[in-house]
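> My structure is below; once you've seen it, I'll send some questions.
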Amino acid sequence: MSKPKVLVTRADIPQKAFTMLEEKCEVDVWKMPSPIPREELLKRIPGKDALYCLLTEKIDKEVGFTPGVLTDATAELTVTLLLATTRRLFEAHGELLNGGWAKCAWSPLWMTGQGLKGSTVGIFGLGRIGQGVVQRLQGFSVHKFIYSGRNPRKEGEELGAEFVSFDELLRQSDFLLVTCALNKETQGIFDEAAFAKMKNTAVIVNTSRGGVINQEALVKALKTNQIRAAGLDVMTPEPLPPNHELTTLPNCTLIPHIGSAETSTREDMATLTAANIIAGLEGKPLPARLC
């Protein structure tokens with residue numbers, strides 16, 4: 001009996017996933033070190049029983065789903081980006097390289113940042129990742145956690161976080177962490193009006209999707225000191241052009257969408273996707289269902 005056929009759109013997925021698929025399936029792999037072109041995807045997919053794809057491919061109807069796998073890695077990265085932004089780590093590193101350290105004469109206020117102690121931390125979107133962020137910040141002597149979203153969540157109460165309106169989230173937060181989904185309601189929700197309601201000492205960190213923030217409004221807010229700083233793991237477009245205006249702002253910390261870039265996390269994502277494919281081909285319940 002012939003094996004089912006699977007198209008894998010990248011050759012650099014973790015080997016564990018390949019091994020799982022090759023034991024059960026006939027695997028066709030796009031072997032170039034770049035995303036598969038749309039025309040090549042359309043040419044190869046006829047006759048295949050399953051597709052292993054990544055976010056670089058546009059899939060019109062069905063996609064792989066790996067819930068929960070990203071939670072720890074992305075929550076950790078969110079806290080890392082928050083600390084790097086508030087304590088100006090990238091900016092300070094640049095000063096070390098460009099000679100600024102030698103010129104500062106140990107000025108008392110040189111490279112000073114903001115600490116979390118006694119602050120109000122706001123979370124926009126208290127899902128798995130938002131909850132993970134609050135858990136990880138519990139030891140930083142934060143004064144109060146607040147969050148906003150569609151509805152109050154029992155997990156928020158369990159974490160000691162207070163549900164507030166979006167406007168109150170903007171007004172109260174010293175540090176505002178964006179961990180929501182991108183949808184019609186959240187698209188561009190952080191616009192010029194939103195930034196105008198924030199404290200001029202506030203820091204915003206986004207590890208959700210770039211489209212949640214209106215980048216033109218963010219650039220203006222950062223340049224005019226409407227807010228103090230921003231840390232972005234996600235932006236629009238991606239990859240962000242190296243000459244984009246955001247890259248020129250000293251109070252904007254940018255990293256290239258690496259929220260899930262942790263070795264065991266990527267392996268778990270790959271093996272769960274492979275397990276979904278194998279279960280689906282064998283007519284068994286999928287380990288992770290989208291619907």
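Please note that chains go A, B, ... in the order of the structure tokens, that every chain numbers its residues from 1, and that ligands are numbered from 1 in the order shown.
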Write out as a ChimeraX atom specification the residues lying within 9 Å of A:Val6, counting only C-alpha atoms and excluding same-chain residues fewer than 5 positions away.
/A:21,25-29,45,48-52,277
> Mind writing the picked residues with N, CA and C atoms as a short mmCIF file (atom, residue, chain, number, x, y, z; two decimals), in the first residue's frame?

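Final output, part.cif:
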data_model
loop_
_atom_site.label_atom_id
_atom_site.label_comp_id
_atom_site.auth_asym_id
_atom_site.auth_seq_id
_atom_site.Cartn_x
_atom_site.Cartn_y
_atom_site.Cartn_z
N LEU A 21 7.48 12.32 9.88
CA LEU A 21 6.76 12.28 8.60
C LEU A 21 7.29 11.18 7.69
N CYS A 25 5.04 8.72 5.69
CA CYS A 25 4.62 9.39 4.47
C CYS A 25 5.74 9.45 3.41
N GLU A 26 5.32 9.74 2.20
CA GLU A 26 6.26 10.08 1.13
C GLU A 26 6.37 11.60 1.14
N VAL A 27 7.56 12.10 1.42
CA VAL A 27 7.74 13.52 1.68
C VAL A 27 8.39 14.23 0.49
N ASP A 28 7.77 15.30 0.03
CA ASP A 28 8.30 16.17 -1.01
C ASP A 28 8.70 17.48 -0.34
N VAL A 29 9.97 17.87 -0.46
CA VAL A 29 10.48 19.04 0.27
C VAL A 29 10.97 20.11 -0.71
N ILE A 45 1.41 21.16 -5.14
CA ILE A 45 0.40 20.69 -4.20
C ILE A 45 -0.61 19.69 -4.78
N LYS A 48 -1.06 15.84 -3.52
CA LYS A 48 -0.57 15.68 -2.14
C LYS A 48 -1.75 15.46 -1.19
N ASP A 49 -1.49 14.67 -0.18
CA ASP A 49 -2.51 14.40 0.82
C ASP A 49 -2.45 15.36 2.00
N ALA A 50 -1.30 16.02 2.17
CA ALA A 50 -1.14 16.94 3.30
C ALA A 50 -0.07 17.97 2.97
N LEU A 51 -0.14 19.09 3.69
CA LEU A 51 0.80 20.19 3.48
C LEU A 51 1.38 20.63 4.82
N TYR A 52 2.72 20.66 4.91
CA TYR A 52 3.41 21.21 6.07
C TYR A 52 3.95 22.56 5.63
N ILE A 277 -0.58 16.26 11.07
CA ILE A 277 -0.65 15.74 9.71
C ILE A 277 -0.86 14.23 9.72
#
> Quick one: DSSP strand (DSSP E or B) residues in stretch 20-235 of chain A, as number ranges by chain?
A: 26-29, 50-52, 120-124, 144-148, 161-163, 175-178, 190, 203-206, 213, 229-232
> With N, CA and C atoms retained, write the just-selected residues as an mmCIF file, in the first residue's frame.

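Now in again.cif:
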data_model
loop_
_atom_site.group_PDB
_atom_site.id
_atom_site.type_symbol
_atom_site.label_atom_id
_atom_site.label_comp_id
_atom_site.auth_asym_id
_atom_site.auth_seq_id
_atom_site.Cartn_x
_atom_site.Cartn_y
_atom_site.Cartn_z
ATOM 1 N N GLU A 26 5.322 9.739 2.198
ATOM 2 C CA GLU A 26 6.259 10.078 1.133
ATOM 3 C C GLU A 26 6.371 11.600 1.138
ATOM 4 N N VAL A 27 7.564 12.099 1.417
ATOM 5 C CA VAL A 27 7.744 13.524 1.679
ATOM 6 C C VAL A 27 8.394 14.233 0.492
ATOM 7 N N ASP A 28 7.768 15.299 0.029
ATOM 8 C CA ASP A 28 8.305 16.169 -1.014
ATOM 9 C C ASP A 28 8.703 17.479 -0.343
ATOM 10 N N VAL A 29 9.971 17.873 -0.461
ATOM 11 C CA VAL A 29 10.485 19.042 0.268
ATOM 12 C C VAL A 29 10.969 20.112 -0.707
ATOM 13 N N ALA A 50 -1.303 16.021 2.171
ATOM 14 C CA ALA A 50 -1.143 16.941 3.299
ATOM 15 C C ALA A 50 -0.074 17.974 2.970
ATOM 16 N N LEU A 51 -0.136 19.094 3.688
ATOM 17 C CA LEU A 51 0.803 20.193 3.483
ATOM 18 C C LEU A 51 1.376 20.635 4.821
ATOM 19 N N TYR A 52 2.717 20.657 4.914
ATOM 20 C CA TYR A 52 3.412 21.208 6.075
ATOM 21 C C TYR A 52 3.950 22.565 5.629
ATOM 22 N N THR A 120 2.701 50.534 37.388
ATOM 23 C CA THR A 120 1.467 49.897 36.909
ATOM 24 C C THR A 120 1.754 49.297 35.540
ATOM 25 N N VAL A 121 1.599 47.988 35.455
ATOM 26 C CA VAL A 121 1.844 47.281 34.196
ATOM 27 C C VAL A 121 0.500 46.914 33.572
ATOM 28 N N GLY A 122 0.283 47.342 32.348
ATOM 29 C CA GLY A 122 -0.951 47.045 31.634
ATOM 30 C C GLY A 122 -0.730 45.981 30.580
ATOM 31 N N ILE A 123 -1.686 45.072 30.443
ATOM 32 C CA ILE A 123 -1.631 44.014 29.446
ATOM 33 C C ILE A 123 -2.830 44.165 28.523
ATOM 34 N N PHE A 124 -2.601 44.278 27.235
ATOM 35 C CA PHE A 124 -3.706 44.321 26.280
ATOM 36 C C PHE A 124 -3.826 42.953 25.621
ATOM 37 N N LYS A 144 0.861 47.312 40.528
ATOM 38 C CA LYS A 144 -0.470 46.891 40.093
ATOM 39 C C LYS A 144 -0.421 46.373 38.661
ATOM 40 N N PHE A 145 -1.143 45.286 38.411
ATOM 41 C CA PHE A 145 -1.343 44.775 37.060
ATOM 42 C C PHE A 145 -2.776 45.080 36.635
ATOM 43 N N ILE A 146 -2.935 45.633 35.456
ATOM 44 C CA ILE A 146 -4.258 45.863 34.888
ATOM 45 C C ILE A 146 -4.283 45.262 33.491
ATOM 46 N N TYR A 147 -5.476 44.978 33.003
ATOM 47 C CA TYR A 147 -5.569 44.419 31.655
ATOM 48 C C TYR A 147 -6.884 44.835 31.016
ATOM 49 N N SER A 148 -6.901 44.785 29.681
ATOM 50 C CA SER A 148 -8.105 45.108 28.937
ATOM 51 C C SER A 148 -8.275 44.091 27.815
ATOM 52 N N ALA A 161 -4.797 40.629 38.686
ATOM 53 C CA ALA A 161 -4.849 41.711 37.696
ATOM 54 C C ALA A 161 -6.269 42.270 37.613
ATOM 55 N N GLU A 162 -6.372 43.572 37.489
ATOM 56 C CA GLU A 162 -7.669 44.257 37.456
ATOM 57 C C GLU A 162 -8.098 44.519 36.015
ATOM 58 N N PHE A 163 -9.345 44.164 35.693
ATOM 59 C CA PHE A 163 -9.896 44.432 34.364
ATOM 60 C C PHE A 163 -10.323 45.896 34.274
ATOM 61 N N PHE A 175 3.839 50.791 31.891
ATOM 62 C CA PHE A 175 4.357 49.878 30.875
ATOM 63 C C PHE A 175 3.163 49.146 30.271
ATOM 64 N N LEU A 176 3.001 49.246 28.967
ATOM 65 C CA LEU A 176 1.841 48.651 28.307
ATOM 66 C C LEU A 176 2.336 47.558 27.360
ATOM 67 N N LEU A 177 1.950 46.325 27.658
ATOM 68 C CA LEU A 177 2.421 45.166 26.901
ATOM 69 C C LEU A 177 1.292 44.641 26.030
ATOM 70 N N VAL A 178 1.544 44.562 24.737
ATOM 71 C CA VAL A 178 0.516 44.172 23.773
ATOM 72 C C VAL A 178 0.701 42.706 23.406
ATOM 73 N N PHE A 190 -3.910 51.056 18.372
ATOM 74 C CA PHE A 190 -2.971 52.009 18.975
ATOM 75 C C PHE A 190 -2.637 53.055 17.917
ATOM 76 N N VAL A 203 5.908 53.329 28.390
ATOM 77 C CA VAL A 203 6.637 52.480 27.440
ATOM 78 C C VAL A 203 5.663 51.440 26.909
ATOM 79 N N ILE A 204 5.631 51.254 25.591
ATOM 80 C CA ILE A 204 4.781 50.240 24.982
ATOM 81 C C ILE A 204 5.658 49.156 24.362
ATOM 82 N N VAL A 205 5.264 47.901 24.564
ATOM 83 C CA VAL A 205 5.992 46.758 24.012
ATOM 84 C C VAL A 205 4.990 45.887 23.260
ATOM 85 N N ASN A 206 5.289 45.574 22.023
ATOM 86 C CA ASN A 206 4.377 44.781 21.190
ATOM 87 C C ASN A 206 5.041 43.494 20.729
ATOM 88 N N ILE A 213 -0.592 48.177 15.884
ATOM 89 C CA ILE A 213 -0.111 49.548 16.086
ATOM 90 C C ILE A 213 -0.062 50.291 14.752
ATOM 91 N N ALA A 229 9.066 55.456 25.208
ATOM 92 C CA ALA A 229 9.809 54.484 24.407
ATOM 93 C C ALA A 229 8.883 53.372 23.918
ATOM 94 N N ALA A 230 9.384 52.611 22.949
ATOM 95 C CA ALA A 230 8.652 51.457 22.430
ATOM 96 C C ALA A 230 9.630 50.319 22.173
ATOM 97 N N GLY A 231 9.145 49.100 22.391
ATOM 98 C CA GLY A 231 9.908 47.902 22.060
ATOM 99 C C GLY A 231 9.053 47.033 21.157
ATOM 100 N N LEU A 232 9.552 46.696 19.980
ATOM 101 C CA LEU A 232 8.759 45.963 18.997
ATOM 102 C C LEU A 232 9.463 44.687 18.547
#
> For a quick check of understanding, using only C-alpha atoms, which of A:Ala274, A:Val79, A:Leu41, A:Val212 has the smallest distance to A:Ala181?
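Answer, going by the shortest atom-to-atom distance: A:Val212.
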> Find the residues near A:Leu137: any atom within 9 Å, counting only C-alpha atoms, skip ones fewer than 5 places away on the same chain, and give them as a list in words.
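Surrounding residues, per the criterion: Val79, Leu116, Gly132 and Val142 of chain A.
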> I'd like the interatomic distance between atom CA of A:Thr78 and atom CA of A:Asp233, to a tenth of an Å.
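Between atom CA of A:Thr78 and atom CA of A:Asp233 the gap works out to 8.4 Å.
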> Please report, as JSON, numbers by chain, each residue of stretch 30-271 of chain A to which DSSP assigns alpha helix (DSSP H) when run on this structure's backbone.
{"A": [38, 39, 40, 41, 42, 43, 44, 71, 72, 73, 74, 75, 76, 77, 78, 79, 80, 81, 82, 83, 84, 85, 86, 89, 90, 91, 92, 93, 94, 95, 96, 97, 98, 100, 101, 102, 103, 128, 129, 130, 131, 132, 133, 134, 135, 136, 137, 154, 155, 156, 157, 158, 159, 166, 167, 168, 169, 170, 171, 172, 192, 193, 194, 195, 196, 197, 215, 216, 217, 218, 219, 220, 221, 222, 223, 263, 264, 265, 266, 267, 268, 269, 270, 271]}
> I'd like the contact shell of A:Arg10 - 9 Å cut-off, only C-alpha atoms, skipping same-chain residues fewer than 5 positions apart - returned as a ChimeraX atom specification.
/A:29-36,52-54
> Write the residues of the preceding selection, restricted to all heavy atoms, as a short mmCIF file (atom, residue, chain, number, x, y, z; two decimals), in the first residue's frame.

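The new file part14.cif reads:
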data_model
loop_
_atom_site.label_atom_id
_atom_site.label_comp_id
_atom_site.auth_asym_id
_atom_site.auth_seq_id
_atom_site.Cartn_x
_atom_site.Cartn_y
_atom_site.Cartn_z
N VAL A 29 9.97 17.87 -0.46
CA VAL A 29 10.48 19.04 0.27
C VAL A 29 10.97 20.11 -0.71
O VAL A 29 11.69 19.81 -1.66
CB VAL A 29 11.66 18.64 1.20
CG1 VAL A 29 12.11 19.84 2.01
CG2 VAL A 29 11.26 17.50 2.09
N TRP A 30 10.58 21.35 -0.45
CA TRP A 30 11.17 22.50 -1.15
C TRP A 30 12.53 22.74 -0.52
O TRP A 30 12.64 23.11 0.64
CB TRP A 30 10.28 23.72 -1.01
CG TRP A 30 10.89 25.01 -1.51
CD1 TRP A 30 11.34 26.05 -0.75
CD2 TRP A 30 11.13 25.38 -2.87
NE1 TRP A 30 11.84 27.05 -1.54
CE2 TRP A 30 11.73 26.67 -2.85
CE3 TRP A 30 10.92 24.75 -4.10
CZ2 TRP A 30 12.08 27.33 -4.01
CZ3 TRP A 30 11.27 25.43 -5.25
CH2 TRP A 30 11.84 26.70 -5.21
N LYS A 31 13.60 22.50 -1.27
CA LYS A 31 14.94 22.44 -0.69
C LYS A 31 15.73 23.75 -0.75
O LYS A 31 16.85 23.81 -0.23
CB LYS A 31 15.74 21.33 -1.35
CG LYS A 31 15.15 19.94 -1.08
CD LYS A 31 15.99 18.83 -1.67
CE LYS A 31 15.40 17.46 -1.33
NZ LYS A 31 16.17 16.35 -1.90
N MET A 32 15.18 24.79 -1.36
CA MET A 32 15.91 26.05 -1.39
C MET A 32 15.84 26.75 -0.03
O MET A 32 14.84 26.62 0.69
CB MET A 32 15.30 26.97 -2.46
CG MET A 32 15.37 26.40 -3.87
SD MET A 32 17.07 26.18 -4.44
CE MET A 32 17.53 27.89 -4.65
N PRO A 33 16.88 27.49 0.35
CA PRO A 33 16.90 28.18 1.66
C PRO A 33 16.10 29.48 1.64
O PRO A 33 16.58 30.52 2.07
CB PRO A 33 18.39 28.43 1.88
CG PRO A 33 18.92 28.62 0.49
CD PRO A 33 18.14 27.67 -0.39
N SER A 34 14.88 29.41 1.14
CA SER A 34 14.01 30.58 1.05
C SER A 34 12.58 30.09 0.94
O SER A 34 12.34 28.92 0.60
CB SER A 34 14.38 31.42 -0.19
OG SER A 34 14.26 30.64 -1.36
N PRO A 35 11.61 30.97 1.23
CA PRO A 35 10.21 30.54 1.13
C PRO A 35 9.87 30.05 -0.27
O PRO A 35 10.38 30.56 -1.27
CB PRO A 35 9.43 31.82 1.46
CG PRO A 35 10.36 32.62 2.30
CD PRO A 35 11.73 32.34 1.75
N ILE A 36 9.03 29.04 -0.36
CA ILE A 36 8.63 28.49 -1.65
C ILE A 36 7.81 29.53 -2.41
O ILE A 36 6.88 30.14 -1.86
CB ILE A 36 7.82 27.18 -1.45
CG1 ILE A 36 7.53 26.50 -2.79
CG2 ILE A 36 6.54 27.42 -0.67
CD1 ILE A 36 6.94 25.11 -2.64
N TYR A 52 2.72 20.66 4.91
CA TYR A 52 3.41 21.21 6.07
C TYR A 52 3.95 22.56 5.63
O TYR A 52 4.88 22.63 4.83
CB TYR A 52 4.56 20.29 6.49
CG TYR A 52 5.28 20.70 7.77
CD1 TYR A 52 5.36 19.84 8.86
CD2 TYR A 52 5.89 21.94 7.88
CE1 TYR A 52 6.03 20.21 10.03
CE2 TYR A 52 6.54 22.32 9.03
CZ TYR A 52 6.61 21.44 10.10
OH TYR A 52 7.25 21.82 11.25
N CYS A 53 3.33 23.64 6.14
CA CYS A 53 3.71 24.97 5.69
C CYS A 53 4.09 25.86 6.87
O CYS A 53 3.87 25.49 8.03
CB CYS A 53 2.57 25.62 4.91
SG CYS A 53 1.06 25.80 5.86
N LEU A 54 4.64 27.03 6.56
CA LEU A 54 5.01 28.00 7.57
C LEU A 54 4.27 29.30 7.32
O LEU A 54 3.51 29.41 6.36
CB LEU A 54 6.53 28.22 7.59
CG LEU A 54 7.33 27.07 8.22
CD1 LEU A 54 7.59 25.97 7.20
CD2 LEU A 54 8.65 27.56 8.78
#
> Give me the residues within 8 Å of A:Gly149 as JSON, numbers by chain, counting only C-alpha atoms and dropping any in the same chain fewer than 6 places off.
{"A": [124, 125, 126, 165, 166]}
> For A:His257, find every residue with an atom within 8 Å (counting only C-alpha atoms), except residues of its own chain fewer than 2 positions away, and show them as a ChimeraX atom specification.
/A:207,233-234,255,259
> Selected residues, N, CA and C atoms, written as a short mmCIF file (atom, residue, chain, number, x, y, z; two decimals), in the first residue's frame, please.

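Writing done, so here's again_8.cif:
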data_model
loop_
_atom_site.label_atom_id
_atom_site.label_comp_id
_atom_site.auth_asym_id
_atom_site.auth_seq_id
_atom_site.Cartn_x
_atom_site.Cartn_y
_atom_site.Cartn_z
N THR A 207 4.48 42.35 21.16
CA THR A 207 4.95 41.04 20.69
C THR A 207 3.80 40.26 20.08
N ASP A 233 8.76 43.57 18.68
CA ASP A 233 9.21 42.32 18.06
C ASP A 233 8.49 42.10 16.74
N VAL A 234 7.40 42.83 16.55
CA VAL A 234 6.57 42.70 15.35
C VAL A 234 6.32 44.09 14.78
N ILE A 255 13.48 44.23 17.40
CA ILE A 255 14.06 42.89 17.19
C ILE A 255 13.21 42.19 16.13
N GLY A 259 9.83 36.07 18.76
CA GLY A 259 9.10 35.67 19.96
C GLY A 259 9.15 34.19 20.25
#
> What does the structure give for the distance between atom CA of A:Ile227 and atom CA of A:Ala102, in Å to one decimal?
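According to the coordinates, atom CA of A:Ile227 and atom CA of A:Ala102 are separated by 29.0 Å.
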> Please compute the atom CA of A:Asn214-atom CA of A:Thr85 distance, one decimal, in Å.
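That distance, rounded to one decimal, is 19.3 Å.
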> In terms of the shortest atom-to-atom distance over only C-alpha atoms, which of A:Arg44, A:Lys3, A:Lys220, A:Arg128 is closest to A:Cys252?
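Closest to A:Cys252, using only C-alpha atoms: A:Lys220.
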> Need the shell around stretch 236-243 of chain A: protein/DNA/RNA residues with any atom at most 7 Å away, counting only C-alpha atoms. Skip same-chain ones fewer than 2 positions apart. Format as a PyMOL selection string?
chain A and resi 210-211+245+247
> Any chance you can output those residues with all heavy atoms as an mmCIF file, in the first residue's frame?

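Writing done, so here's selection22.cif:
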data_model
loop_
_atom_site.group_PDB
_atom_site.id
_atom_site.type_symbol
_atom_site.label_atom_id
_atom_site.label_comp_id
_atom_site.auth_asym_id
_atom_site.auth_seq_id
_atom_site.Cartn_x
_atom_site.Cartn_y
_atom_site.Cartn_z
ATOM 1 N N GLY A 210 2.204 43.259 14.151
ATOM 2 C CA GLY A 210 2.531 44.642 13.834
ATOM 3 C C GLY A 210 1.318 45.496 13.537
ATOM 4 O O GLY A 210 1.298 46.694 13.837
ATOM 5 N N GLY A 211 0.281 44.900 12.937
ATOM 6 C CA GLY A 211 -0.893 45.656 12.536
ATOM 7 C C GLY A 211 -1.705 46.222 13.666
ATOM 8 O O GLY A 211 -2.584 47.069 13.448
ATOM 9 N N GLU A 245 12.052 54.538 9.183
ATOM 10 C CA GLU A 245 12.227 55.606 10.180
ATOM 11 C C GLU A 245 12.299 55.080 11.607
ATOM 12 O O GLU A 245 13.002 55.640 12.451
ATOM 13 C CB GLU A 245 11.102 56.640 10.056
ATOM 14 C CG GLU A 245 11.347 57.907 10.857
ATOM 15 C CD GLU A 245 10.388 59.032 10.526
ATOM 16 O OE1 GLU A 245 9.379 58.768 9.836
ATOM 17 O OE2 GLU A 245 10.642 60.169 10.952
ATOM 18 N N THR A 247 13.886 52.624 12.656
ATOM 19 C CA THR A 247 15.251 52.190 12.974
ATOM 20 C C THR A 247 16.158 53.355 13.349
ATOM 21 O O THR A 247 17.257 53.134 13.861
ATOM 22 C CB THR A 247 15.877 51.436 11.788
ATOM 23 O OG1 THR A 247 16.108 52.348 10.695
ATOM 24 C CG2 THR A 247 14.984 50.297 11.307
#
